[in-house]
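First the structure, in the form of structure tokens, and then the observations on it.
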Amino acid sequence: MRSYLVKRLLLTFPTVFGILVLVFVLMRIIPGDPARLMAGERATPEQVAAIREQMGLNDPYWVQFARFMGEMARGDFGESFFSKRPVMEELMARYPATVELTLFAMIIATVAGVLAGVMAAVYRGSILDHGVMALALVGVSMPIFWLGLQLIILFSVKLGWLPAGGRVDPRLGWQGSTGFVIFETLLRGEWAVFWDAVRRLLLPGVALATIPLSVIARVTRSAMLEVLGQDYIRTARAKGLSERVVIFRHTLRNALLPVITVVGLQVGSLLGGAVLTETVFSWPGIGRYIVQSIEARDYPVVQGGVVLIALAFVVVNLIVDLLYTAIDPRIRYS
Amino acid sequence: MNRQSPLRRLFRYRNALLGGAIILTLVTMVTCAPWVAPYDPLEADLTRALRPPGGEFLLGTDEQGRDLFSRLVWGGRLSLLAGVSAIGLALVLGTATGALSAYFGGWLDLLVMRVMDIMLAFPSILLAIAITAILGPGLGNAILAVAVVNIPYFARLVRASVLSIKEQEYVLAAEALGAGHLRILAGHVLPNALAPLIVQATLGLGWALLDIAGLSFLGLGARPPDPEWGSMLSRAQAYIQVAPWVVTFPGLAIMVAVLGFNLLGDGLRDALDPRLRR
């Protein structure tokens with residue numbers, strides 16, 4: 001077990017290295033001169049040349065690469081062309097918003113997806129089963145930004161129940177210290193802000209959760225069906241256990257492994273989807289920031305944001321892999 | 001053994017048929033766009049802007065008074081063509097990468113597969129966004145980005161098939177007869193790896209449509225005034241309060257098309273690969 005842990009941890013290094021190489025290469029093939037962009041429209045050729053020298057763009061590629069890796073290792077993503085502040089600071093200011101959104105979506109997707117999958121499997125062939133599966137198919141076929149817009153039309157424009165965007169009402173004048181609005185207000189008992197933040201989280205959370213929810217429901221259903229056909233389930237029923245115990249304790253537990261795999265994989269789709277969802281709901285997270293920075297051609301921000309999200313994805317996959325061993329003792333990694 | 005033709009098996013799957021019918025209808029519609037669309041998709045007329053659906057304009061008009069239905073039909077041409085180009089490109093490049101990698105093995109295989117793993121370490125839409133951001137906005141670049149993002153899926157699939165096929169006796173026989181590498185790959189190995197590729201391509205088309213629409217929505221794909229389903233949504237966002245239909249129909253079109261490819265892909269998987277059937 002420990003040797004597996006060590007091996008799995010070591011294996012993330014080549015992946016992270018590869019991500020950084022890929023980003024480095026991508027950022028060098030940008031058409032146009034980064035020094036020119038940084039200097040601005042009205043800079044003289046001398047100023048541009050000075051900035052180029054200062055940015056180290058005249059050095060050989062391998063020197064640039066070594067410097068790039070060193071900076072990444074220190075968490076130094078450079079300076080935003082636009083705000084002139086360190087990219088890391090800018091990203092960290094927006095990171096909590098993205099974490100709260102994706103975490104919330106993940107919880108909705110996992111809870112609702114597993115429940116829907118279990119129900120579909122238990123009532124196999126029924127209208128409920130067909131309904132869940134049809135919805136799951138529609139769920140993976142929808143553009144989530146479109147679903148987001150539809151939710152806004154229905155719940156904000158027509159019914160007026162929920163706000164259409166933003167993270168917290170600016171009129172509440174809330175000033176947090178961590179950036180995690182929901183966690184912080186919950187812990188401090190600031191209910192007015194907490195409820196406002198929750199109401200604003202609902203629509204983007206549901207929109208973002210739709211695809212993972214559908215995928216998790218489908219996988220849960222087929223994993224459940226497979227386990228339900230096993231002899232030990234028949235044994236459990238034969239010895240007179242209640243159906244609830246059979247389904248939740250015996251079947252679901254054994255069906256959980258593929259479900260966890262897919263939950264881990266869906267984090268990628270969540271992080272990617274966050275870019276679109278945040279844009280639709282004016283959610284002040286990393287995804288929307290990346291999109292805005294692309295429009296502003298603020299390349300250090302784009303680079304830092306992409307690296308940060310890819311790293312988050314790598315870490316989540318690592319955690320999922322480690323969870324396997326905890327959940328299924330049958331797996332013995334040697 | 002019960003040997004039914006794949007086509008017969010396909011007919012047993014209602015969902016696949018439904019998917020096929022959806023795709024066929026859409027393809028027919030966009031191919032015959034000049035006859036199907038009642039109006040010019042680019043002709044603006046502000047006097048008839050934002051008309052609701054029904055009446056003279058089947059699905060209403062957009063903010064410039066252009067007929068929404070006509071724009072959807074012409075936009076479908078662009079969207080479907082973009083999806084097919086992206087997946088076609090990914091299919092060709094991915095197949096070549098995977099096949100060569102598996103066939104020759106060794107350090108080449110190791111290197112190529114590591115690169116594929118790293119590409120899969122990015123959320124696909126994010127990588128596509130990064131690539132388009134670098135190449136610059138435009139439908140062509142969006143297609144290229146989505147193609148690149150899809151390469152690893154095809155490469156892995158082909159690699160796995162080729163690895164299992166290349167040791168088969170008929171391949172060894174061809175080798176013994178003096179056939180060259182390329183001839184063996186193209187003539188003997190690849191045709192036997194075709195079924196999973198077709199399934200992957202069909203399902204991949206659905207994802208590609210979603211990703212391209214997403215890129216266009218962010219302003220990185222098709223540019224106005226070109227009608228494309230994703231970019232139509234992007235423009236319409238501003239009129240969400242007054243004219244929700246402008247936002248609703250393009251997304252509905254995307255959903256129907258993606259649904260068609262997903263239904264067909266799932267059905268094809270069951271039909272072509274009976275082992276996967278549950």
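Following the order of the structure tokens, first chain is A, next is B, and so on, with residues numbered from 1 inside each chain and ligands from 1 in the order they appear.
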
Given only C-alpha atoms, how would the per-residue table for chain A near chain B read, listing every residue at most 7 Å away with its closest atom pair and distance in Å to one decimal, sorted by chain and number, as CSV?
```
residue,atom,partner,partner_atom,distance
A:Thr15,CA,B:Ile118,CA,5.9
A:Gly18,CA,B:Ile118,CA,6.0
A:Ile19,CA,B:Ile118,CA,6.1
A:Ile30,CA,B:Ile134,CA,5.1
A:Val138,CA,B:Leu259,CA,6.6
A:Ser141,CA,B:Leu259,CA,5.2
A:Met142,CA,B:Met255,CA,5.0
A:Pro143,CA,B:Leu210,CA,5.8
A:Trp146,CA,B:Gly251,CA,5.7
A:Ile153,CA,B:Ile240,CA,6.7
A:Val157,CA,B:Gln241,CA,6.3
A:Gly268,CA,B:Pro123,CA,4.7
A:Ser269,CA,B:Pro123,CA,6.0
A:Leu271,CA,B:Pro123,CA,6.8
A:Gly272,CA,B:Leu126,CA,5.3
A:Ile294,CA,B:Ala133,CA,6.0
A:Ala310,CA,B:Phe122,CA,5.3
A:Val314,CA,B:Ala121,CA,6.6
```

Keeping N, CA and C atoms for every residue in the selection just given, could you write it to a file as a JSON list (two decimals), in the first residue's frame?
```json
[["chain", "number", "residue", "atom", "x", "y", "z"],
["A", 15, "THR", "N", 3.73, 13.97, -15.49],
["A", 15, "THR", "CA", 2.53, 14.60, -16.03],
["A", 15, "THR", "C", 2.61, 16.12, -15.86],
["A", 18, "GLY", "N", 5.12, 17.50, -18.15],
["A", 18, "GLY", "CA", 4.59, 17.51, -19.52],
["A", 18, "GLY", "C", 3.62, 18.66, -19.74],
["A", 19, "ILE", "N", 2.76, 18.90, -18.76],
["A", 19, "ILE", "CA", 1.81, 20.01, -18.88],
["A", 19, "ILE", "C", 2.57, 21.33, -19.06],
["A", 30, "ILE", "N", 2.66, 31.71, -30.18],
["A", 30, "ILE", "CA", 1.70, 32.80, -30.37],
["A", 30, "ILE", "C", 2.19, 33.71, -31.49],
["A", 138, "VAL", "N", -30.35, 13.36, -22.66],
["A", 138, "VAL", "CA", -30.55, 14.77, -23.01],
["A", 138, "VAL", "C", -29.52, 15.62, -22.27],
["A", 141, "SER", "N", -26.30, 15.91, -23.90],
["A", 141, "SER", "CA", -26.37, 16.45, -25.26],
["A", 141, "SER", "C", -26.59, 17.96, -25.28],
["A", 142, "MET", "N", -26.71, 18.57, -24.07],
["A", 142, "MET", "CA", -27.03, 19.99, -24.04],
["A", 142, "MET", "C", -25.78, 20.85, -23.92],
["A", 143, "PRO", "N", -25.74, 21.97, -24.65],
["A", 143, "PRO", "CA", -24.66, 22.93, -24.37],
["A", 143, "PRO", "C", -24.96, 23.56, -23.01],
["A", 146, "TRP", "N", -26.06, 27.13, -22.83],
["A", 146, "TRP", "CA", -27.44, 27.33, -23.26],
["A", 146, "TRP", "C", -28.41, 26.99, -22.14],
["A", 153, "ILE", "N", -33.70, 32.57, -18.08],
["A", 153, "ILE", "CA", -34.99, 33.00, -18.65],
["A", 153, "ILE", "C", -36.13, 32.56, -17.74],
["A", 157, "VAL", "N", -35.95, 35.81, -15.27],
["A", 157, "VAL", "CA", -36.74, 36.74, -16.07],
["A", 157, "VAL", "C", -38.24, 36.49, -15.88],
["A", 268, "GLY", "N", -12.80, 17.07, -14.53],
["A", 268, "GLY", "CA", -12.25, 17.75, -15.70],
["A", 268, "GLY", "C", -13.33, 18.49, -16.46],
["A", 269, "SER", "N", -14.46, 17.80, -16.66],
["A", 269, "SER", "CA", -15.55, 18.43, -17.41],
["A", 269, "SER", "C", -16.12, 19.61, -16.61],
["A", 271, "LEU", "N", -14.33, 21.58, -14.48],
["A", 271, "LEU", "CA", -13.39, 22.70, -14.55],
["A", 271, "LEU", "C", -13.47, 23.38, -15.92],
["A", 272, "GLY", "N", -13.61, 22.56, -16.97],
["A", 272, "GLY", "CA", -13.77, 23.13, -18.30],
["A", 272, "GLY", "C", -15.10, 23.85, -18.42],
["A", 294, "ILE", "N", -8.22, 36.44, -22.56],
["A", 294, "ILE", "CA", -8.00, 36.09, -23.96],
["A", 294, "ILE", "C", -8.41, 37.27, -24.83],
["A", 310, "ALA", "N", -5.20, 22.93, -14.95],
["A", 310, "ALA", "CA", -4.67, 21.60, -15.29],
["A", 310, "ALA", "C", -4.09, 20.94, -14.03],
["A", 314, "VAL", "N", -5.07, 17.39, -12.17],
["A", 314, "VAL", "CA", -4.10, 16.34, -11.84],
["A", 314, "VAL", "C", -4.22, 15.93, -10.37]]
```

Within 7 Å of Val162 (chain B) using only C-alpha atoms, minus same-chain residues under 5 positions, as an MDAnalysis selection string: chainID B and resid 99 102:103 189 193

Can I get the selection written as a PDB file, in the first residue's frame, with all heavy atoms?
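Final file, out.pdb:
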```pdb
ATOM      1  N   ALA B  99      -1.615   4.119 -34.821  1.00  0.00           N
ATOM      2  CA  ALA B  99      -1.202   2.938 -35.586  1.00  0.00           C
ATOM      3  C   ALA B  99       0.315   2.859 -35.680  1.00  0.00           C
ATOM      4  O   ALA B  99       0.912   1.811 -35.408  1.00  0.00           O
ATOM      5  CB  ALA B  99      -1.822   2.972 -36.979  1.00  0.00           C
ATOM      6  N   ALA B 102       1.871   2.052 -32.219  1.00  0.00           N
ATOM      7  CA  ALA B 102       1.730   0.656 -31.776  1.00  0.00           C
ATOM      8  C   ALA B 102       2.530  -0.286 -32.668  1.00  0.00           C
ATOM      9  O   ALA B 102       3.133  -1.254 -32.200  1.00  0.00           O
ATOM     10  CB  ALA B 102       0.254   0.266 -31.801  1.00  0.00           C
ATOM     11  N   TYR B 103       2.526  -0.008 -33.953  1.00  0.00           N
ATOM     12  CA  TYR B 103       3.157  -0.929 -34.900  1.00  0.00           C
ATOM     13  C   TYR B 103       4.664  -0.969 -34.706  1.00  0.00           C
ATOM     14  O   TYR B 103       5.283  -2.018 -34.721  1.00  0.00           O
ATOM     15  CB  TYR B 103       2.800  -0.514 -36.321  1.00  0.00           C
ATOM     16  CG  TYR B 103       3.158  -1.566 -37.343  1.00  0.00           C
ATOM     17  CD1 TYR B 103       2.409  -2.724 -37.443  1.00  0.00           C
ATOM     18  CD2 TYR B 103       4.247  -1.395 -38.197  1.00  0.00           C
ATOM     19  CE1 TYR B 103       2.728  -3.704 -38.365  1.00  0.00           C
ATOM     20  CE2 TYR B 103       4.570  -2.359 -39.129  1.00  0.00           C
ATOM     21  CZ  TYR B 103       3.806  -3.505 -39.206  1.00  0.00           C
ATOM     22  OH  TYR B 103       4.136  -4.467 -40.117  1.00  0.00           O
ATOM     23  N   VAL B 189      -4.211  -4.517 -40.822  1.00  0.00           N
ATOM     24  CA  VAL B 189      -4.427  -4.179 -39.411  1.00  0.00           C
ATOM     25  C   VAL B 189      -5.588  -3.206 -39.231  1.00  0.00           C
ATOM     26  O   VAL B 189      -6.532  -3.473 -38.493  1.00  0.00           O
ATOM     27  CB  VAL B 189      -3.132  -3.603 -38.793  1.00  0.00           C
ATOM     28  CG1 VAL B 189      -3.381  -3.186 -37.356  1.00  0.00           C
ATOM     29  CG2 VAL B 189      -2.029  -4.637 -38.856  1.00  0.00           C
ATOM     30  N   ALA B 193      -9.600  -2.838 -37.153  1.00  0.00           N
ATOM     31  CA  ALA B 193      -9.758  -1.970 -35.985  1.00  0.00           C
ATOM     32  C   ALA B 193     -10.854  -0.949 -36.236  1.00  0.00           C
ATOM     33  O   ALA B 193     -11.024  -0.003 -35.476  1.00  0.00           O
ATOM     34  CB  ALA B 193      -8.439  -1.271 -35.676  1.00  0.00           C
TER      35      ALA B 193
END
```

Two-atom distance - CA of Gln64 (chain B), CA of Arg297 (chain A) (Å):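 Taking CA of Gln64 (chain B) as the start and CA of Arg297 (chain A) as the end point, the length is 29.4 Å.
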
Contacts of Asn254 (chain A) at 9 Å (only C-alpha atoms; same-chain gap of 5+ positions) as a PyMOL selection string: chain A and resi 223-224+227+249+328

Go ahead and save the residues from that selection, with all heavy atoms, as a CSV table (one decimal), in the first residue's frame.
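And here is the file that came out, again.csv:
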```csv
chain,number,residue,atom,x,y,z
A,223,ALA,N,-23.4,-0.1,-13.2
A,223,ALA,CA,-22.6,-0.8,-12.2
A,223,ALA,C,-23.6,-1.5,-11.2
A,223,ALA,O,-23.3,-2.7,-10.8
A,223,ALA,CB,-21.8,0.2,-11.4
A,224,MET,N,-24.7,-0.9,-10.9
A,224,MET,CA,-25.7,-1.5,-9.9
A,224,MET,C,-26.2,-2.8,-10.6
A,224,MET,O,-26.4,-3.8,-9.9
A,224,MET,CB,-26.8,-0.5,-9.7
A,224,MET,CG,-26.5,0.6,-8.7
A,224,MET,SD,-26.3,0.1,-7.0
A,224,MET,CE,-27.9,-0.3,-6.5
A,227,VAL,N,-23.8,-5.7,-10.3
A,227,VAL,CA,-23.7,-6.2,-8.9
A,227,VAL,C,-25.0,-6.9,-8.5
A,227,VAL,O,-25.0,-8.0,-7.9
A,227,VAL,CB,-23.4,-5.1,-7.9
A,227,VAL,CG1,-23.3,-5.7,-6.5
A,227,VAL,CG2,-22.1,-4.5,-8.3
A,249,ARG,N,-26.5,-1.3,1.3
A,249,ARG,CA,-25.3,-1.8,2.0
A,249,ARG,C,-24.5,-2.8,1.1
A,249,ARG,O,-23.3,-2.8,1.0
A,249,ARG,CB,-25.6,-2.4,3.3
A,249,ARG,CG,-24.4,-2.5,4.1
A,249,ARG,CD,-24.5,-2.6,5.6
A,249,ARG,NE,-25.5,-1.6,6.2
A,249,ARG,CZ,-26.1,-1.8,7.3
A,249,ARG,NH1,-26.0,-3.0,8.0
A,249,ARG,NH2,-27.0,-0.9,7.8
A,328,ASP,N,-11.9,0.1,-1.7
A,328,ASP,CA,-12.0,-1.3,-2.2
A,328,ASP,C,-10.8,-2.1,-1.7
A,328,ASP,O,-9.7,-2.1,-2.4
A,328,ASP,CB,-12.2,-1.4,-3.7
A,328,ASP,CG,-12.6,-2.8,-4.1
A,328,ASP,OD1,-12.4,-3.7,-3.3
A,328,ASP,OD2,-13.1,-3.0,-5.2
```

Given only C-alpha atoms as the counted atoms, nearest of A:Val307, A:Ala136, A:Ala296, A:Leu172 to Ser83 (chain A):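 Selected residue with least distance to Ser83 (chain A): A:Ala296.
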
With 12 Å as the cut-off and only C-alpha atoms counted, what is the closest atom pair between each nearby residue of region 119-171 of chain A and region 13-21 of chain B? Distances in Å to one decimal, ordered by chain and number, as a Markdown table.
```
| residue | atom | partner | partner_atom | distance |
| --- | --- | --- | --- | --- |
| A:Met133 | CA | B:Asn15 | CA | 11.9 |
| A:Ala134 | CA | B:Asn15 | CA | 10.4 |
| A:Leu137 | CA | B:Asn15 | CA | 11.0 |
```

Nearby residues (only C-alpha atoms) at most 12 Å from Gly229 (chain A), same-chain spacing under 4 positions excluded, as a list in words: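 Using only C-alpha atoms, the neighbours found are Ala121, Val122, Ser222, Ala223, Met224, Leu225, Ile233, Arg234, Thr235, Ala236, Arg237, Ile247, His250, Thr251, Asn254 and Ala255 of chain A; Arg278 of chain B.
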
Exercise: Trp74 (chain B) partners within 8 Å, only C-alpha atoms, chain neighbours under 5 positions left out, as a ChimeraX atom specification: /B:30,33,37,41,227-228

Dump N, CA, C and O atoms for the selected residues as a PDB file, in the first residue's frame?
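Done, and the output landed in out-v7.pdb:
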```pdb
ATOM      1  N   VAL B  30     -29.754  20.933 -44.126  1.00  0.00           N
ATOM      2  CA  VAL B  30     -28.681  21.901 -44.348  1.00  0.00           C
ATOM      3  C   VAL B  30     -28.109  21.784 -45.755  1.00  0.00           C
ATOM      4  O   VAL B  30     -27.626  22.769 -46.313  1.00  0.00           O
ATOM      5  N   ALA B  33     -30.244  23.809 -47.939  1.00  0.00           N
ATOM      6  CA  ALA B  33     -30.503  25.102 -47.290  1.00  0.00           C
ATOM      7  C   ALA B  33     -31.094  26.152 -48.224  1.00  0.00           C
ATOM      8  O   ALA B  33     -32.051  26.837 -47.850  1.00  0.00           O
ATOM      9  N   ALA B  37     -34.583  27.210 -46.553  1.00  0.00           N
ATOM     10  CA  ALA B  37     -34.670  28.488 -45.854  1.00  0.00           C
ATOM     11  C   ALA B  37     -35.495  29.481 -46.655  1.00  0.00           C
ATOM     12  O   ALA B  37     -35.185  29.750 -47.811  1.00  0.00           O
ATOM     13  N   PRO B  41     -30.287  34.488 -44.930  1.00  0.00           N
ATOM     14  CA  PRO B  41     -29.889  34.479 -43.513  1.00  0.00           C
ATOM     15  C   PRO B  41     -29.118  35.736 -43.121  1.00  0.00           C
ATOM     16  O   PRO B  41     -28.954  36.015 -41.937  1.00  0.00           O
ATOM     17  N   PRO B 227     -23.841  32.947 -39.752  1.00  0.00           N
ATOM     18  CA  PRO B 227     -24.699  32.213 -38.837  1.00  0.00           C
ATOM     19  C   PRO B 227     -24.022  30.902 -38.444  1.00  0.00           C
ATOM     20  O   PRO B 227     -23.625  30.123 -39.300  1.00  0.00           O
ATOM     21  N   GLU B 228     -23.809  30.714 -37.157  1.00  0.00           N
ATOM     22  CA  GLU B 228     -23.317  29.437 -36.635  1.00  0.00           C
ATOM     23  C   GLU B 228     -24.029  29.297 -35.313  1.00  0.00           C
ATOM     24  O   GLU B 228     -24.234  30.286 -34.621  1.00  0.00           O
TER      25      GLU B 228
END
```

Test item: residues at most 10 Å from region 44-59 of chain B, only C-alpha atoms, excluding those fewer than 3 positions along its chain, as a ChimeraX atom specification: /B:38-41,62-70,72,239,242-246,249
